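First up is the structure itself, then whatever we jot down about it.
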Amino acid sequence: MIEVIFFGQLTDATGVSSIMVEEVANTDMLINLMKMRYPSLASSTYMVAVNNTMVTENAIIRPGSKVAFMPPFSGG
Amino acid sequence: MIEVIFFGQLTDATGVSSIMVEEVANTDMLINLMKMRYPSLASSTYMVAVNNTMVTENAIIRPGSKVAFMPPFSGG
Amino acid sequence: MDTNKIKNIFTEGPVEASFIADSIAKHATKTSIGGHSIFLGQVRADMMDDKQVQAIEYTSHVEMALETMSIIREDIFAKYELTCMHVHHSLGVIKAGEICLFVFTSSKHRKAAIDACSECVERIKAELPVWGKEIFEGEGYQWKINH
Amino acid sequence: MDTNKIKNIFTEGPVEASFIADSIAKHATKTSIGGHSIFLGQVRADMMDDKQVQAIEYTSHVEMALETMSIIREDIFAKYELTCMHVHHSLGVIKAGEICLFVFTSSKHRKAAIDACSECVERIKAELPVWGKEIFEGEGYQWKINH
């Protein structure tokens, strides 16, 4: 399983902060899956991190990974 | 009379922090007078302020003025 | 990443002035310090149209934020001659007028402390996965945007 | 110079952490503030040859310093969008580890507060007629030099 977590305004789009999904091979596939499940994600701005490391291109997701969908940061 | 005040390391050179002197016409004359009275002033670095205003050239000193001899600042 | 090195920076609720005072007072024994620089972020009661912000609720991807902060800390210690650096960021609901960020750098000479503090604040705002939800008086909210 | 505008910045003895905390806490009602920048100068126990500084004794041409500070304040308010600025400088004997300078600026956005604070500190060090006498452990002293 893969843990997918959503933050900030993305939780408005998804209605959840964390879900478990069946294994998917890579981040491109996971992103497509999430956009199908939560259509309003498509119009959102976000970055993706796998196991706390930001990914900018398609990246492999190993089983047991934690994948974060994060909107622009607004701390401080 | 004119009040002449010394600060910081200049008080080591003069041994006093404040003296009253008879009227002198301008700062050049006062500086010469002070150097005669306190010879180690000649080897000191200082700025002169008349009534809290820094003077960089020879300036008139009116009776009742306060003239400050000040070494480089070291606050903070 | 050596997790032993990872310090927590998050505290639930606002940073209190008394906490800041204690933090300052603790440095009195470090007599090689000549200058401290402190930045405090305070929640503003901004008006948006006719609604006023009464609080910001902060959430974070904590684990990732702490790893990122650990890297920022290493970078800043490598770049500036600092004696120490402390960072505290609030989570949860912080009311307008309360302090939500406390960055504190100390060094022998002022320039390193001042430059390191300001760089640390910029990096925290740009790089830490933290989000602010601006809660309006009455009802409604909007998501904070950093500039 | 309108003497009504001249604020005192000098306090006899060190700036206490509790005073800094009170000063911060007083700003909680100013909910247009988004960022505070604070600089603290602390007396260092420097070694000179084999002598250690145990304290600095500060003196000032107070009247002239306050007039100069008043001009610096006006310049900085004209240059930066500040909500407020507070400056406290110690006079008398300040021991190593104690705070001798407290500069505190606040503004809506952090950049004005940070830049104003740093500029204010530089101008205080360069322009205020204040002198520090570094008193050594045991006996002896030397006059402080600002860099």
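Scheme for the structure tokens: letters A, B, ... for chains in order shown; per-chain residue numbers from 1; ligand numbers from 1 in order shown.
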>> I want to know what sits within 10 Å of range 59-72 of chain A, based on only C-alpha atoms, with residues of the same chain fewer than 2 positions away left out; could you give that as a PyMOL selection string?
In response: (chain A and resi 1-11+17-18+20+22-31+34+41+44-57+74-75) or (chain C and resi 60-61+64+126-131+144-146)
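Note on identical chains: chain A superimposed on chain B gives 0.0 Å, C-alpha RMSD over every paired atom.
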query = Could you pull out the alpha helix (DSSP H) residues of chain A from DSSP and send them as a list in words?
reply =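 Written out, the alpha helix (DSSP H) residues of chain A are Leu10, Thr11, Asp12, Ala13, Thr14, Thr27, Asp28, Met29, Leu30, Ile31, Asn32, Leu33, Met34, Lys35, Met36 and Arg37 of chain A.
We find CA of Glu12 in chain C and CA of Phe104 in chain C to be spaced 18.6 Å apart.
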Could you work out which residues of chain D fall inside 9 Å of chain C? Count only C-alpha atoms, and format the result as a PDB file with N, CA, C and O atoms, in the first residue's frame.
ATOM      1  N   GLU D  16      17.328  44.320  30.481  1.00  0.00           N
ATOM      2  CA  GLU D  16      16.950  42.998  31.005  1.00  0.00           C
ATOM      3  C   GLU D  16      16.055  42.263  30.009  1.00  0.00           C
ATOM      4  O   GLU D  16      15.245  42.884  29.317  1.00  0.00           O
ATOM      5  N   ALA D  17      16.153  40.933  29.994  1.00  0.00           N
ATOM      6  CA  ALA D  17      15.313  40.114  29.116  1.00  0.00           C
ATOM      7  C   ALA D  17      13.827  40.354  29.406  1.00  0.00           C
ATOM      8  O   ALA D  17      12.999  40.364  28.485  1.00  0.00           O
ATOM      9  N   SER D  18      13.494  40.589  30.661  1.00  0.00           N
ATOM     10  CA  SER D  18      12.083  40.815  31.014  1.00  0.00           C
ATOM     11  C   SER D  18      11.567  42.124  30.412  1.00  0.00           C
ATOM     12  O   SER D  18      10.404  42.226  30.026  1.00  0.00           O
ATOM     13  N   PHE D  19      12.447  43.110  30.312  1.00  0.00           N
ATOM     14  CA  PHE D  19      12.073  44.378  29.675  1.00  0.00           C
ATOM     15  C   PHE D  19      11.783  44.164  28.187  1.00  0.00           C
ATOM     16  O   PHE D  19      10.820  44.699  27.632  1.00  0.00           O
ATOM     17  N   ILE D  20      12.631  43.331  27.556  1.00  0.00           N
ATOM     18  CA  ILE D  20      12.441  43.011  26.131  1.00  0.00           C
ATOM     19  C   ILE D  20      11.104  42.279  25.941  1.00  0.00           C
ATOM     20  O   ILE D  20      10.338  42.585  25.026  1.00  0.00           O
ATOM     21  N   ALA D  21      10.821  41.337  26.839  1.00  0.00           N
ATOM     22  CA  ALA D  21       9.565  40.580  26.761  1.00  0.00           C
ATOM     23  C   ALA D  21       8.356  41.514  26.889  1.00  0.00           C
ATOM     24  O   ALA D  21       7.397  41.408  26.123  1.00  0.00           O
ATOM     25  N   ASP D  22       8.425  42.447  27.837  1.00  0.00           N
ATOM     26  CA  ASP D  22       7.315  43.405  28.016  1.00  0.00           C
ATOM     27  C   ASP D  22       7.128  44.228  26.754  1.00  0.00           C
ATOM     28  O   ASP D  22       6.003  44.507  26.331  1.00  0.00           O
ATOM     29  N   SER D  23       8.243  44.628  26.173  1.00  0.00           N
ATOM     30  CA  SER D  23       8.208  45.452  24.977  1.00  0.00           C
ATOM     31  C   SER D  23       7.543  44.683  23.818  1.00  0.00           C
ATOM     32  O   SER D  23       6.717  45.243  23.090  1.00  0.00           O
ATOM     33  N   ILE D  24       7.886  43.406  23.685  1.00  0.00           N
ATOM     34  CA  ILE D  24       7.269  42.570  22.645  1.00  0.00           C
ATOM     35  C   ILE D  24       5.776  42.413  22.921  1.00  0.00           C
ATOM     36  O   ILE D  24       4.936  42.594  22.029  1.00  0.00           O
ATOM     37  N   ALA D  25       5.441  42.092  24.162  1.00  0.00           N
ATOM     38  CA  ALA D  25       4.045  41.810  24.525  1.00  0.00           C
ATOM     39  C   ALA D  25       3.139  43.013  24.273  1.00  0.00           C
ATOM     40  O   ALA D  25       1.970  42.856  23.908  1.00  0.00           O
ATOM     41  N   HIS D  27       3.078  44.882  21.863  1.00  0.00           N
ATOM     42  CA  HIS D  27       2.716  45.018  20.455  1.00  0.00           C
ATOM     43  C   HIS D  27       1.598  44.074  20.029  1.00  0.00           C
ATOM     44  O   HIS D  27       1.194  44.087  18.865  1.00  0.00           O
ATOM     45  N   ALA D  28       1.101  43.253  20.951  1.00  0.00           N
ATOM     46  CA  ALA D  28       0.055  42.277  20.604  1.00  0.00           C
ATOM     47  C   ALA D  28      -1.244  42.963  20.199  1.00  0.00           C
ATOM     48  O   ALA D  28      -2.058  42.400  19.475  1.00  0.00           O
ATOM     49  N   THR D  29      -1.438  44.210  20.665  1.00  0.00           N
ATOM     50  CA  THR D  29      -2.665  44.927  20.310  1.00  0.00           C
ATOM     51  C   THR D  29      -2.541  45.618  18.953  1.00  0.00           C
ATOM     52  O   THR D  29      -3.537  46.097  18.415  1.00  0.00           O
ATOM     53  N   LYS D  30      -1.320  45.693  18.433  1.00  0.00           N
ATOM     54  CA  LYS D  30      -1.118  46.356  17.128  1.00  0.00           C
ATOM     55  C   LYS D  30      -1.222  45.291  16.043  1.00  0.00           C
ATOM     56  O   LYS D  30      -0.216  44.770  15.563  1.00  0.00           O
ATOM     57  N   THR D  31      -2.455  44.989  15.645  1.00  0.00           N
ATOM     58  CA  THR D  31      -2.672  43.832  14.772  1.00  0.00           C
ATOM     59  C   THR D  31      -2.470  44.142  13.288  1.00  0.00           C
ATOM     60  O   THR D  31      -2.794  43.327  12.445  1.00  0.00           O
ATOM     61  N   SER D  32      -1.891  45.313  12.983  1.00  0.00           N
ATOM     62  CA  SER D  32      -1.467  45.554  11.600  1.00  0.00           C
ATOM     63  C   SER D  32      -0.016  45.116  11.407  1.00  0.00           C
ATOM     64  O   SER D  32       0.494  45.110  10.293  1.00  0.00           O
ATOM     65  N   ILE D  33       0.659  44.759  12.502  1.00  0.00           N
ATOM     66  CA  ILE D  33       2.067  44.335  12.428  1.00  0.00           C
ATOM     67  C   ILE D  33       2.153  42.882  11.983  1.00  0.00           C
ATOM     68  O   ILE D  33       1.457  42.020  12.512  1.00  0.00           O
ATOM     69  N   GLY D  34       3.030  42.621  11.008  1.00  0.00           N
ATOM     70  CA  GLY D  34       3.260  41.248  10.561  1.00  0.00           C
ATOM     71  C   GLY D  34       4.639  40.734  10.924  1.00  0.00           C
ATOM     72  O   GLY D  34       4.860  39.529  10.974  1.00  0.00           O
ATOM     73  N   GLY D  35       5.580  41.660  11.166  1.00  0.00           N
ATOM     74  CA  GLY D  35       6.939  41.227  11.480  1.00  0.00           C
ATOM     75  C   GLY D  35       7.660  42.205  12.387  1.00  0.00           C
ATOM     76  O   GLY D  35       7.514  43.420  12.252  1.00  0.00           O
ATOM     77  N   HIS D  36       8.409  41.631  13.331  1.00  0.00           N
ATOM     78  CA  HIS D  36       9.268  42.431  14.211  1.00  0.00           C
ATOM     79  C   HIS D  36      10.717  42.020  13.953  1.00  0.00           C
ATOM     80  O   HIS D  36      11.002  40.832  13.800  1.00  0.00           O
ATOM     81  N   SER D  37      11.610  42.987  13.972  1.00  0.00           N
ATOM     82  CA  SER D  37      13.029  42.669  13.910  1.00  0.00           C
ATOM     83  C   SER D  37      13.687  43.277  15.136  1.00  0.00           C
ATOM     84  O   SER D  37      13.414  44.424  15.495  1.00  0.00           O
ATOM     85  N   ILE D  38      14.517  42.469  15.792  1.00  0.00           N
ATOM     86  CA  ILE D  38      15.161  42.912  17.029  1.00  0.00           C
ATOM     87  C   ILE D  38      16.655  42.691  16.909  1.00  0.00           C
ATOM     88  O   ILE D  38      17.100  41.633  16.444  1.00  0.00           O
ATOM     89  N   PHE D  39      17.437  43.704  17.293  1.00  0.00           N
ATOM     90  CA  PHE D  39      18.873  43.499  17.453  1.00  0.00           C
ATOM     91  C   PHE D  39      19.227  43.728  18.906  1.00  0.00           C
ATOM     92  O   PHE D  39      18.754  44.683  19.529  1.00  0.00           O
ATOM     93  N   LEU D  40      20.063  42.820  19.438  1.00  0.00           N
ATOM     94  CA  LEU D  40      20.554  42.962  20.805  1.00  0.00           C
ATOM     95  C   LEU D  40      22.070  42.958  20.782  1.00  0.00           C
ATOM     96  O   LEU D  40      22.684  42.034  20.229  1.00  0.00           O
ATOM     97  N   GLY D  41      22.667  43.975  21.350  1.00  0.00           N
ATOM     98  CA  GLY D  41      24.124  43.972  21.524  1.00  0.00           C
ATOM     99  C   GLY D  41      24.440  43.414  22.896  1.00  0.00           C
ATOM    100  O   GLY D  41      23.790  43.783  23.882  1.00  0.00           O
ATOM    101  N   GLN D  42      25.390  42.492  22.952  1.00  0.00           N
ATOM    102  CA  GLN D  42      25.747  41.855  24.230  1.00  0.00           C
ATOM    103  C   GLN D  42      27.247  42.072  24.471  1.00  0.00           C
ATOM    104  O   GLN D  42      28.042  41.975  23.543  1.00  0.00           O
ATOM    105  N   VAL D  43      27.605  42.341  25.706  1.00  0.00           N
ATOM    106  CA  VAL D  43      29.016  42.608  26.024  1.00  0.00           C
ATOM    107  C   VAL D  43      29.807  41.306  25.986  1.00  0.00           C
ATOM    108  O   VAL D  43      29.438  40.324  26.629  1.00  0.00           O
ATOM    109  N   ARG D  44      30.883  41.304  25.184  1.00  0.00           N
ATOM    110  CA  ARG D  44      31.733  40.109  25.042  1.00  0.00           C
ATOM    111  C   ARG D  44      32.883  40.121  26.040  1.00  0.00           C
ATOM    112  O   ARG D  44      33.483  41.168  26.286  1.00  0.00           O
ATOM    113  N   ALA D  45      33.226  38.917  26.527  1.00  0.00           N
ATOM    114  CA  ALA D  45      34.385  38.769  27.411  1.00  0.00           C
ATOM    115  C   ALA D  45      35.633  38.512  26.570  1.00  0.00           C
ATOM    116  O   ALA D  45      36.278  37.475  26.688  1.00  0.00           O
ATOM    117  N   ASP D  46      35.969  39.482  25.707  1.00  0.00           N
ATOM    118  CA  ASP D  46      37.134  39.303  24.817  1.00  0.00           C
ATOM    119  C   ASP D  46      38.430  39.172  25.609  1.00  0.00           C
ATOM    120  O   ASP D  46      38.576  39.756  26.680  1.00  0.00           O
ATOM    121  N   ALA D  96      30.021  41.459  31.099  1.00  0.00           N
ATOM    122  CA  ALA D  96      30.057  40.503  29.980  1.00  0.00           C
ATOM    123  C   ALA D  96      28.844  39.581  30.084  1.00  0.00           C
ATOM    124  O   ALA D  96      28.511  39.095  31.166  1.00  0.00           O
ATOM    125  N   GLY D  97      28.171  39.368  28.945  1.00  0.00           N
ATOM    126  CA  GLY D  97      26.972  38.530  28.918  1.00  0.00           C
ATOM    127  C   GLY D  97      25.685  39.336  29.064  1.00  0.00           C
ATOM    128  O   GLY D  97      24.606  38.822  28.789  1.00  0.00           O
ATOM    129  N   GLU D  98      25.811  40.588  29.474  1.00  0.00           N
ATOM    130  CA  GLU D  98      24.609  41.431  29.607  1.00  0.00           C
ATOM    131  C   GLU D  98      24.342  42.196  28.301  1.00  0.00           C
ATOM    132  O   GLU D  98      25.238  42.392  27.488  1.00  0.00           O
ATOM    133  N   ILE D  99      23.086  42.610  28.153  1.00  0.00           N
ATOM    134  CA  ILE D  99      22.647  43.309  26.939  1.00  0.00           C
ATOM    135  C   ILE D  99      22.826  44.819  27.123  1.00  0.00           C
ATOM    136  O   ILE D  99      22.360  45.380  28.115  1.00  0.00           O
ATOM    137  N   LYS D 108       4.313  46.102   8.778  1.00  0.00           N
ATOM    138  CA  LYS D 108       3.328  45.184   8.215  1.00  0.00           C
ATOM    139  C   LYS D 108       4.034  43.996   7.571  1.00  0.00           C
ATOM    140  O   LYS D 108       3.689  42.842   7.806  1.00  0.00           O
ATOM    141  N   ARG D 110       7.753  41.946   6.603  1.00  0.00           N
ATOM    142  CA  ARG D 110       9.030  41.729   7.282  1.00  0.00           C
ATOM    143  C   ARG D 110      10.189  42.551   6.741  1.00  0.00           C
ATOM    144  O   ARG D 110      11.050  42.980   7.509  1.00  0.00           O
ATOM    145  N   LYS D 111      10.235  42.794   5.428  1.00  0.00           N
ATOM    146  CA  LYS D 111      11.431  43.399   4.841  1.00  0.00           C
ATOM    147  C   LYS D 111      11.713  44.790   5.418  1.00  0.00           C
ATOM    148  O   LYS D 111      12.861  45.105   5.745  1.00  0.00           O
ATOM    149  N   ILE D 114      13.120  44.411   8.979  1.00  0.00           N
ATOM    150  CA  ILE D 114      14.486  43.860   9.012  1.00  0.00           C
ATOM    151  C   ILE D 114      15.499  44.897   8.526  1.00  0.00           C
ATOM    152  O   ILE D 114      16.522  45.135   9.165  1.00  0.00           O
ATOM    153  N   SER D 118      18.439  46.882  10.897  1.00  0.00           N
ATOM    154  CA  SER D 118      19.858  46.772  10.605  1.00  0.00           C
ATOM    155  C   SER D 118      20.472  48.149  10.304  1.00  0.00           C
ATOM    156  O   SER D 118      21.548  48.483  10.786  1.00  0.00           O
TER     157      SER D 118
END
Identify which of the residues A:Asp12, A:Lys35, A:Ser43, A:Ile19 lies closest to chain C, counting only C-alpha atoms when measuring atom-to-atom distances.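 Distance minimum relative to chain C lands on A:Asp12.
CA of Asn8 in chain D sits 24.2 Å away from CA of Glu134 in chain D.
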Using DSSP secondary structure from the backbone, list all strand (DSSP E or B) positions within chain D, as an MDAnalysis selection string.
chainID D and resid 10:12 15 35:42 47:48 51:60 84:95 99:107 130:136 141:143
From CA of Glu57 in chain D to CA of Ile9 in chain D the spacing works out at 16.5 Å
Find, counting only C-alpha atoms, the residue in C:Gln142, C:Thr83, C:Ser70, C:Thr11 that gets nearest to chain A.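 Going through C:Gln142, C:Thr83, C:Ser70, C:Thr11 one by one, the smallest distance to chain A is for C:Gln142.
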